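These notes are about the structure you will find just below.
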Amino acid sequence: MTGTINNTTQNQHNQEKPVRPAASNPMSLGTLPIGKLLVQYSIPAIIASVAVSVYNIVDSIFIGRGVGPMAIAGLAITLPLMNLVMAFCTLIAAGGATISSIFLGQKNVSRATDVVNNVMTFCLIHAIAFGGLTLLFLDPILEFFGATPETIPYAREFMEVILWGTPVSYVFIGLNNLMRATGYPKKAMVSALLSVVVNVILAPLFIYVFKWGIAGAAWATLCGQFTAFIWVLVHFFSKKSFVHFNPRNKWFSGAILKKIYAIGLSPFLMNVTSCVVVVFLNKALLDHGGADGNMAIGAFGIMNRVTMFFVMVVFGVTQGMQPILGFNYGAMQWNRVKETLMKGIWIGVAITSLGWFLTEVFPDTLSRMFTVDETLINIARDGFRIYFLCYPLVGCQIVIQNFFQSIGKPQLSIFLSLTRQLIFLLPFLLILPGFFGIGGVWASMAASDFLAFVVAIITLVFMMKRLAREDASHKLQTK
């Protein structure tokens with residue numbers, strides 16, 4: 001991104017807005033204490049992320065107990081496809097949020113408005129193109145991802161509903177990221193909570209009362225997202241919002257799309273590689289699980305829900321950090337950038353360390369939330385204890401990866417996302433299960449977490465030295 005968003009470019013086109021109170025003015029990102037800003041931005045994002053994780057867990061509990069253990073396996077089969085669905089959404093959402101923050105740091109409200117308009121347009125285009133194409137080839141895709149005759153009916157029922165709802169999901173997620181980035185973290189939290197509350201209320205009704213099975217869980221998810229979709233649209237259509245839709249600004253810009261893609265490519269590839277890895281994971285579990293292959297996939301589905309809970313909390317921290325980092329990087333306030341990063345790393349490590357403790361000490365308790373099947377619980381027990389061995393380090397790696405994305409250096413963010421989910425994990429998956437069976441599958445994930453952490457630390461050390469040189473050069477130029 002170096003050179004694509006210049007701090008001094010187009011200052012003559014900047015738009016000034018009336019100053020609002022410090023608590024709600026995005027310009028306060030450059031002046032308020034970092035600790036206070038992290039509380040202001042990260043806590044709402046964490047609450048929203050926890051809420052999303054909770055409703056994913058609650059959905060799985062309703063499905064596991066209301067439909068059956070094979071439905072849990074079917075739901076696990078949909079994970080790679082769900083990652084692909086999210087990939088094409090976060091490509092726009094994350095890129096747009098970062099760019100809008102940087103433009104606001106440069107006090108260029110007009111360009112930030114262009115970003116909001118374009119995010120709306122490109123979210124709809126991506127949703128229609130990806131959702132429609134996937135629906136046409138849904139069964140072959142699910143079979144490629146490891147669906148068997150026993151699990152594919154459940155996976156198909158769930159994904160058909162989700163795919164029809166992609167326009168609603170994409171616009172909600174894309175604009176919600178922009179809401180947080182443009183100075184409304186609490187409203188962004190409310191939209192996520194609306195989605196969760198509606199989902200949690202409707203899921204048991206659709207599954208147990210209406211007898212819609214796993215499709216009922218998908219319909220509950222879509223209804224929740226539609227409620228939040230209306231909320232974010234009302235916000236961005238309101239002229240009271242600091243940055244809002246403006247018909248006079250650009251709605252379809254190739255230059256904006258290029259910048260969005262450049263930064264959004266990192267989370268996009270992270271989701272795509274997750275998809276690829278889950279395909280290999282499912283194959284390894286089927287190959288080495290013997291008669292319990294489908295159950296092993298179900299156990300991985302349980303572990304995935306638990307690990308994603310803590311990962312989503314860390315993502316909540318990084319989402320709160322993103323506007324702070326983007327704004328201060330755009331404003332060339334390097335000390336504030338470094339302070340935000342270091343505090344984020346310590347918070348991230350604390351969160352994943354808690355996840356490690358709970359999964360090592362209470363694996364059966366966690367599994368019994370989802371199922372009463374003893375085979376599933378026994379497989380998950382060993383999985384939890386091996387998979388989570390290096391989990392405390394994951395929080396640090398995620399924060400560093402998202403740091404590079406937030407300051408407009410997508411290449412480094414992409415590289416770090418690939419190390420954990422592809423470069424290290426796939427070779428381990430091809431080698432270790434041959435020696436240790438299913439235990440080798442879980443060990444592969446722990447080993448890749450450790451190596452990805454080491455690479456992230458080395459990359460960060462070199463990058464911080466470069467930022468220090470840029471800081472010194474900037475100070476000399478401004479004297």
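Following the order of the structure tokens, chains are lettered A, B, ..., residues in each are numbered from 1, and ligands are numbered from 1.
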
Inset, instruction - Mind checking which residues fall within 9 Å of range 311-316 of chain A, counting only C-alpha atoms, ignoring those fewer than 3 positions away in the same chain, and posting them as a PyMOL selection string? - result: chain A and resi 42-50+52-53+306-308+319-321+344+347-349+351-352+394-395+398-399+402

Residues of the last selection are to be written out with N, CA and C atoms, as a PDB file, in the first residue's frame.
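Resulting contents of again.pdb:
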ATOM      1  N   SER A  42     -12.442  -1.441  21.579  1.00  0.00           N
ATOM      2  CA  SER A  42     -12.291  -2.899  21.615  1.00  0.00           C
ATOM      3  C   SER A  42     -13.378  -3.589  22.430  1.00  0.00           C
ATOM      4  N   ILE A  43     -13.799  -2.989  23.541  1.00  0.00           N
ATOM      5  CA  ILE A  43     -14.807  -3.670  24.360  1.00  0.00           C
ATOM      6  C   ILE A  43     -16.115  -3.871  23.598  1.00  0.00           C
ATOM      7  N   PRO A  44     -16.649  -2.849  22.902  1.00  0.00           N
ATOM      8  CA  PRO A  44     -17.840  -3.127  22.086  1.00  0.00           C
ATOM      9  C   PRO A  44     -17.583  -4.187  21.022  1.00  0.00           C
ATOM     10  N   ALA A  45     -16.395  -4.154  20.396  1.00  0.00           N
ATOM     11  CA  ALA A  45     -16.078  -5.153  19.376  1.00  0.00           C
ATOM     12  C   ALA A  45     -15.955  -6.544  19.983  1.00  0.00           C
ATOM     13  N   ILE A  46     -15.356  -6.623  21.184  1.00  0.00           N
ATOM     14  CA  ILE A  46     -15.242  -7.917  21.867  1.00  0.00           C
ATOM     15  C   ILE A  46     -16.628  -8.449  22.230  1.00  0.00           C
ATOM     16  N   ILE A  47     -17.478  -7.571  22.755  1.00  0.00           N
ATOM     17  CA  ILE A  47     -18.841  -7.988  23.102  1.00  0.00           C
ATOM     18  C   ILE A  47     -19.562  -8.514  21.872  1.00  0.00           C
ATOM     19  N   ALA A  48     -19.410  -7.800  20.764  1.00  0.00           N
ATOM     20  CA  ALA A  48     -20.051  -8.237  19.518  1.00  0.00           C
ATOM     21  C   ALA A  48     -19.482  -9.574  19.059  1.00  0.00           C
ATOM     22  N   SER A  49     -18.152  -9.731  19.125  1.00  0.00           N
ATOM     23  CA  SER A  49     -17.518 -10.984  18.702  1.00  0.00           C
ATOM     24  C   SER A  49     -17.917 -12.141  19.600  1.00  0.00           C
ATOM     25  N   VAL A  50     -17.953 -11.891  20.912  1.00  0.00           N
ATOM     26  CA  VAL A  50     -18.390 -12.928  21.846  1.00  0.00           C
ATOM     27  C   VAL A  50     -19.828 -13.333  21.554  1.00  0.00           C
ATOM     28  N   VAL A  52     -21.403 -13.185  18.696  1.00  0.00           N
ATOM     29  CA  VAL A  52     -21.424 -13.998  17.471  1.00  0.00           C
ATOM     30  C   VAL A  52     -20.940 -15.412  17.772  1.00  0.00           C
ATOM     31  N   SER A  53     -19.868 -15.523  18.560  1.00  0.00           N
ATOM     32  CA  SER A  53     -19.356 -16.849  18.916  1.00  0.00           C
ATOM     33  C   SER A  53     -20.367 -17.634  19.739  1.00  0.00           C
ATOM     34  N   VAL A 306     -15.260 -24.154  19.770  1.00  0.00           N
ATOM     35  CA  VAL A 306     -14.627 -23.651  20.987  1.00  0.00           C
ATOM     36  C   VAL A 306     -13.434 -22.757  20.661  1.00  0.00           C
ATOM     37  N   THR A 307     -12.572 -23.224  19.749  1.00  0.00           N
ATOM     38  CA  THR A 307     -11.398 -22.416  19.416  1.00  0.00           C
ATOM     39  C   THR A 307     -11.804 -21.102  18.776  1.00  0.00           C
ATOM     40  N   MET A 308     -12.860 -21.119  17.955  1.00  0.00           N
ATOM     41  CA  MET A 308     -13.307 -19.892  17.310  1.00  0.00           C
ATOM     42  C   MET A 308     -13.886 -18.907  18.307  1.00  0.00           C
ATOM     43  N   GLN A 319     -10.255  -5.711  15.938  1.00  0.00           N
ATOM     44  CA  GLN A 319     -11.207  -4.806  15.301  1.00  0.00           C
ATOM     45  C   GLN A 319     -11.241  -3.459  16.020  1.00  0.00           C
ATOM     46  N   GLY A 320     -11.125  -3.496  17.344  1.00  0.00           N
ATOM     47  CA  GLY A 320     -11.050  -2.254  18.096  1.00  0.00           C
ATOM     48  C   GLY A 320      -9.744  -1.514  17.851  1.00  0.00           C
ATOM     49  N   MET A 321      -8.646  -2.268  17.667  1.00  0.00           N
ATOM     50  CA  MET A 321      -7.351  -1.657  17.384  1.00  0.00           C
ATOM     51  C   MET A 321      -7.295  -1.042  15.992  1.00  0.00           C
ATOM     52  N   GLY A 344      -2.267  -4.474  22.608  1.00  0.00           N
ATOM     53  CA  GLY A 344      -3.088  -5.484  21.937  1.00  0.00           C
ATOM     54  C   GLY A 344      -2.496  -6.876  22.044  1.00  0.00           C
ATOM     55  N   ILE A 347      -3.108  -8.347  25.532  1.00  0.00           N
ATOM     56  CA  ILE A 347      -4.526  -8.722  25.693  1.00  0.00           C
ATOM     57  C   ILE A 347      -4.817 -10.008  24.918  1.00  0.00           C
ATOM     58  N   GLY A 348      -4.298 -10.095  23.687  1.00  0.00           N
ATOM     59  CA  GLY A 348      -4.530 -11.281  22.864  1.00  0.00           C
ATOM     60  C   GLY A 348      -3.977 -12.546  23.497  1.00  0.00           C
ATOM     61  N   VAL A 349      -2.772 -12.461  24.038  1.00  0.00           N
ATOM     62  CA  VAL A 349      -2.160 -13.630  24.689  1.00  0.00           C
ATOM     63  C   VAL A 349      -2.954 -14.042  25.928  1.00  0.00           C
ATOM     64  N   ILE A 351      -6.131 -13.756  26.392  1.00  0.00           N
ATOM     65  CA  ILE A 351      -7.385 -14.392  25.963  1.00  0.00           C
ATOM     66  C   ILE A 351      -7.142 -15.839  25.539  1.00  0.00           C
ATOM     67  N   THR A 352      -6.135 -16.072  24.690  1.00  0.00           N
ATOM     68  CA  THR A 352      -5.904 -17.445  24.220  1.00  0.00           C
ATOM     69  C   THR A 352      -5.306 -18.326  25.325  1.00  0.00           C
ATOM     70  N   VAL A 394      -1.215 -18.180  20.001  1.00  0.00           N
ATOM     71  CA  VAL A 394      -2.065 -17.806  18.864  1.00  0.00           C
ATOM     72  C   VAL A 394      -2.535 -16.357  18.981  1.00  0.00           C
ATOM     73  N   GLY A 395      -2.835 -15.910  20.202  1.00  0.00           N
ATOM     74  CA  GLY A 395      -3.305 -14.540  20.387  1.00  0.00           C
ATOM     75  C   GLY A 395      -2.294 -13.524  19.897  1.00  0.00           C
ATOM     76  N   ILE A 398      -2.128 -13.584  15.936  1.00  0.00           N
ATOM     77  CA  ILE A 398      -3.285 -12.946  15.296  1.00  0.00           C
ATOM     78  C   ILE A 398      -3.182 -11.423  15.376  1.00  0.00           C
ATOM     79  N   VAL A 399      -2.783 -10.907  16.532  1.00  0.00           N
ATOM     80  CA  VAL A 399      -2.669  -9.454  16.707  1.00  0.00           C
ATOM     81  C   VAL A 399      -1.613  -8.881  15.767  1.00  0.00           C
ATOM     82  N   ASN A 402      -2.903  -8.892  12.140  1.00  0.00           N
ATOM     83  CA  ASN A 402      -3.886  -7.841  11.895  1.00  0.00           C
ATOM     84  C   ASN A 402      -3.277  -6.441  12.016  1.00  0.00           C
TER      85      ASN A 402
END

Inset, instruction - Using only C-alpha atoms, determine which residues lie at most 10 Å from range 236-239 of chain A, disregarding the query and same-chain residues fewer than 6 positions distant; provide the list as a PyMOL selection string. - result: chain A and resi 116-117+175-176+178-179+245-246

Please produce an output containing N, CA and C atoms for each residue in the selection, written as a PDB file, in the first residue's frame.
ATOM      1  N   VAL A 116     -17.364   4.224   1.744  1.00  0.00           N
ATOM      2  CA  VAL A 116     -18.644   3.707   2.242  1.00  0.00           C
ATOM      3  C   VAL A 116     -19.576   3.371   1.080  1.00  0.00           C
ATOM      4  N   ASN A 117     -19.694   4.278   0.115  1.00  0.00           N
ATOM      5  CA  ASN A 117     -20.553   4.023  -1.054  1.00  0.00           C
ATOM      6  C   ASN A 117     -20.105   2.773  -1.805  1.00  0.00           C
ATOM      7  N   LEU A 175     -20.897  -3.137   6.128  1.00  0.00           N
ATOM      8  CA  LEU A 175     -21.212  -1.832   6.701  1.00  0.00           C
ATOM      9  C   LEU A 175     -20.969  -1.799   8.208  1.00  0.00           C
ATOM     10  N   ASN A 176     -21.104  -2.932   8.872  1.00  0.00           N
ATOM     11  CA  ASN A 176     -20.839  -2.954  10.306  1.00  0.00           C
ATOM     12  C   ASN A 176     -19.363  -2.677  10.597  1.00  0.00           C
ATOM     13  N   LEU A 178     -17.453  -0.844   8.713  1.00  0.00           N
ATOM     14  CA  LEU A 178     -17.277   0.585   8.449  1.00  0.00           C
ATOM     15  C   LEU A 178     -17.858   1.436   9.575  1.00  0.00           C
ATOM     16  N   MET A 179     -18.941   0.990  10.178  1.00  0.00           N
ATOM     17  CA  MET A 179     -19.542   1.723  11.290  1.00  0.00           C
ATOM     18  C   MET A 179     -18.531   1.871  12.423  1.00  0.00           C
ATOM     19  N   PHE A 245     -23.851   7.569   3.416  1.00  0.00           N
ATOM     20  CA  PHE A 245     -24.055   7.502   1.972  1.00  0.00           C
ATOM     21  C   PHE A 245     -24.286   8.902   1.414  1.00  0.00           C
ATOM     22  N   ASN A 246     -23.639   9.170   0.279  1.00  0.00           N
ATOM     23  CA  ASN A 246     -23.832  10.457  -0.388  1.00  0.00           C
ATOM     24  C   ASN A 246     -23.957  10.207  -1.882  1.00  0.00           C
TER      25      ASN A 246
END

Could you give me, as JSON lines, a per-residue list for range 41-110 of chain A showing, wherever an atom lies at most 8 Å from an atom of range 147-169 of chain A, the closest pair of atoms and their distance in Å to one decimal, using only C-alpha atoms and sorting by chain then residue number from low to high?
{"residue": "A:Met70", "atom": "CA", "partner": "A:Thr151", "partner_atom": "CA", "distance": 6.4}
{"residue": "A:Ala71", "atom": "CA", "partner": "A:Tyr154", "partner_atom": "CA", "distance": 5.8}
{"residue": "A:Ala73", "atom": "CA", "partner": "A:Thr151", "partner_atom": "CA", "distance": 6.5}
{"residue": "A:Gly74", "atom": "CA", "partner": "A:Thr151", "partner_atom": "CA", "distance": 4.6}
{"residue": "A:Leu75", "atom": "CA", "partner": "A:Ala155", "partner_atom": "CA", "distance": 5.8}
{"residue": "A:Ile77", "atom": "CA", "partner": "A:Ala147", "partner_atom": "CA", "distance": 6.1}
{"residue": "A:Thr78", "atom": "CA", "partner": "A:Ala155", "partner_atom": "CA", "distance": 5.8}
{"residue": "A:Val85", "atom": "CA", "partner": "A:Thr166", "partner_atom": "CA", "distance": 8.0}

Residue subset to file, keeping C-alpha atoms, as a PDB file, in the first residue's frame:
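out-v9.pdb was written with the following content:
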ATOM      1  CA  MET A  70     -24.635 -36.788  12.497  1.00  0.00           C
ATOM      2  CA  ALA A  71     -26.038 -33.270  12.061  1.00  0.00           C
ATOM      3  CA  ALA A  73     -20.792 -33.780  11.478  1.00  0.00           C
ATOM      4  CA  GLY A  74     -22.854 -32.287   8.633  1.00  0.00           C
ATOM      5  CA  LEU A  75     -22.408 -28.833  10.134  1.00  0.00           C
ATOM      6  CA  ILE A  77     -18.615 -30.279   6.647  1.00  0.00           C
ATOM      7  CA  THR A  78     -20.023 -26.809   5.914  1.00  0.00           C
ATOM      8  CA  VAL A  85     -18.576 -17.273   2.063  1.00  0.00           C
TER       9      VAL A  85
END

Inset, instruction - Using only C-alpha atoms, pick whichever of A:Leu84, A:Met369, A:Val209, A:Ile256 has the shortest atom-to-atom distance to Gly64 in chain A. - result: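 Checking each of A:Leu84, A:Met369, A:Val209, A:Ile256 against Gly64 in chain A, counting only C-alpha atoms, the winner is A:Met369.
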
Inset, instruction - Give me, please, the distance in Å between CA of Gly216 in chain A and CA of Asp59 in chain A, quoted to one decimal. - result: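 We find that CA of Gly216 in chain A and CA of Asp59 in chain A lie 9.7 Å from each other.
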
Inset, instruction - Skip Gly174 in chain A itself and residues of its chain fewer than 5 positions away, then list as an NGL selection string all residues within 12 Å of it, counting only C-alpha atoms. - result: :A and (86-98 or 115-124 or 126-127 or 166-169 or 179-181 or 188 or 191 or 228-229 or 232-233 or 236 or 260 or 264)

Inset, instruction - Excluding range 464-470 of chain A and any residue of its chain fewer than 3 positions from it, enumerate the residues within 12 Å of it, using only C-alpha atoms, and give them as a list in words. - result: Tyr329, Met332, Gln333, Trp334, Asn335, Val337, Lys338, Glu339, Leu341, Met342, Ile400, Phe403, Phe404, Ile407, Lys409, Ile457, Ile458, Thr459, Leu460, Val461, Ser473, His474, Lys475, Leu476 and Gln477 of chain A

Inset, instruction - Skip range 448-453 of chain A itself and residues of its chain fewer than 3 positions away, then list as a PyMOL selection string all residues within 7 Å of it, counting only C-alpha atoms. - result: chain A and resi 390+393-394+397+419-420+424-425+444-445+456-457

Inset, instruction - Find the residues near Leu194 in chain A: any atom within 10 Å, counting only C-alpha atoms, skip ones fewer than 5 places away on the same chain, and give them as a ChimeraX atom specification. - result: /A:48,51,189,199,224-229,231

For N, CA and C atoms, I'd like the residues from the last selection saved as a PDB file, in the first residue's frame.
ATOM      1  N   ALA A  48     -19.410  -7.800  20.764  1.00  0.00           N
ATOM      2  CA  ALA A  48     -20.051  -8.237  19.518  1.00  0.00           C
ATOM      3  C   ALA A  48     -19.482  -9.574  19.059  1.00  0.00           C
ATOM      4  N   ALA A  51     -20.660 -12.339  21.274  1.00  0.00           N
ATOM      5  CA  ALA A  51     -22.066 -12.624  20.974  1.00  0.00           C
ATOM      6  C   ALA A  51     -22.185 -13.507  19.739  1.00  0.00           C
ATOM      7  N   MET A 189     -21.515  -2.643  17.826  1.00  0.00           N
ATOM      8  CA  MET A 189     -21.779  -3.700  18.801  1.00  0.00           C
ATOM      9  C   MET A 189     -23.268  -4.022  18.851  1.00  0.00           C
ATOM     10  N   ASN A 199     -31.360 -14.476  16.572  1.00  0.00           N
ATOM     11  CA  ASN A 199     -31.003 -15.855  16.243  1.00  0.00           C
ATOM     12  C   ASN A 199     -31.270 -16.804  17.405  1.00  0.00           C
ATOM     13  N   GLY A 224     -31.729 -13.117  11.993  1.00  0.00           N
ATOM     14  CA  GLY A 224     -30.934 -12.250  12.849  1.00  0.00           C
ATOM     15  C   GLY A 224     -30.103 -11.272  12.044  1.00  0.00           C
ATOM     16  N   GLN A 225     -29.502 -11.763  10.967  1.00  0.00           N
ATOM     17  CA  GLN A 225     -28.686 -10.894  10.135  1.00  0.00           C
ATOM     18  C   GLN A 225     -29.532  -9.849   9.402  1.00  0.00           C
ATOM     19  N   PHE A 226     -30.754 -10.213   9.042  1.00  0.00           N
ATOM     20  CA  PHE A 226     -31.631  -9.245   8.373  1.00  0.00           C
ATOM     21  C   PHE A 226     -31.978  -8.093   9.317  1.00  0.00           C
ATOM     22  N   THR A 227     -32.200  -8.405  10.584  1.00  0.00           N
ATOM     23  CA  THR A 227     -32.488  -7.355  11.570  1.00  0.00           C
ATOM     24  C   THR A 227     -31.319  -6.386  11.674  1.00  0.00           C
ATOM     25  N   ALA A 228     -30.100  -6.925  11.742  1.00  0.00           N
ATOM     26  CA  ALA A 228     -28.905  -6.080  11.821  1.00  0.00           C
ATOM     27  C   ALA A 228     -28.673  -5.329  10.511  1.00  0.00           C
ATOM     28  N   PHE A 229     -29.015  -5.945   9.401  1.00  0.00           N
ATOM     29  CA  PHE A 229     -28.909  -5.323   8.077  1.00  0.00           C
ATOM     30  C   PHE A 229     -29.725  -4.026   8.026  1.00  0.00           C
ATOM     31  N   TRP A 231     -30.587  -2.217  10.602  1.00  0.00           N
ATOM     32  CA  TRP A 231     -29.961  -1.290  11.557  1.00  0.00           C
ATOM     33  C   TRP A 231     -28.800  -0.519  10.912  1.00  0.00           C
TER      34      TRP A 231
END

Non-local contacts of Gln40 in chain A (10 Å; only C-alpha atoms; under 3 positions in same chain excluded) as a short mmCIF file (atom, residue, chain, number, x, y, z; two decimals) with C-alpha atoms, in the first residue's frame:
data_model
loop_
_atom_site.label_atom_id
_atom_site.label_comp_id
_atom_site.auth_asym_id
_atom_site.auth_seq_id
_atom_site.Cartn_x
_atom_site.Cartn_y
_atom_site.Cartn_z
CA ALA A 23 -16.18 10.24 22.77
CA SER A 24 -17.90 9.99 19.38
CA ILE A 34 -4.52 4.68 23.88
CA GLY A 35 -5.83 2.75 26.89
CA LYS A 36 -9.05 4.75 26.85
CA LEU A 37 -9.43 4.28 23.09
CA ILE A 43 -14.81 -3.67 24.36
CA PRO A 44 -17.84 -3.13 22.09
CA ALA A 45 -16.08 -5.15 19.38
CA GLY A 183 -16.31 6.25 14.94
CA TYR A 184 -19.36 4.26 16.08
CA PRO A 185 -18.05 1.19 17.97
CA LYS A 186 -21.09 0.97 20.25
CA GLY A 320 -11.05 -2.25 18.10
#

Inset, instruction - Would you mind writing down, as an MDAnalysis selection string, each residue of range 238-426 of chain A that DSSP on the backbone assigns to alpha helix (DSSP H)? - result: chainID A and resid 254:288 293:330 334:361 363:368 374:387 391:406 410:418 425:426

Inset, instruction - State, in Å with one decimal place, the distance from CA of Ala446 in chain A to CA of Leu429 in chain A. - result: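 Those two atoms sit 11.1 Å apart.
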
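Closest approach to Leu142 in chain A among A:Leu412, A:Pro80, A:Ile345, A:Trp251 is made by A:Pro80 (distances from only C-alpha atoms).
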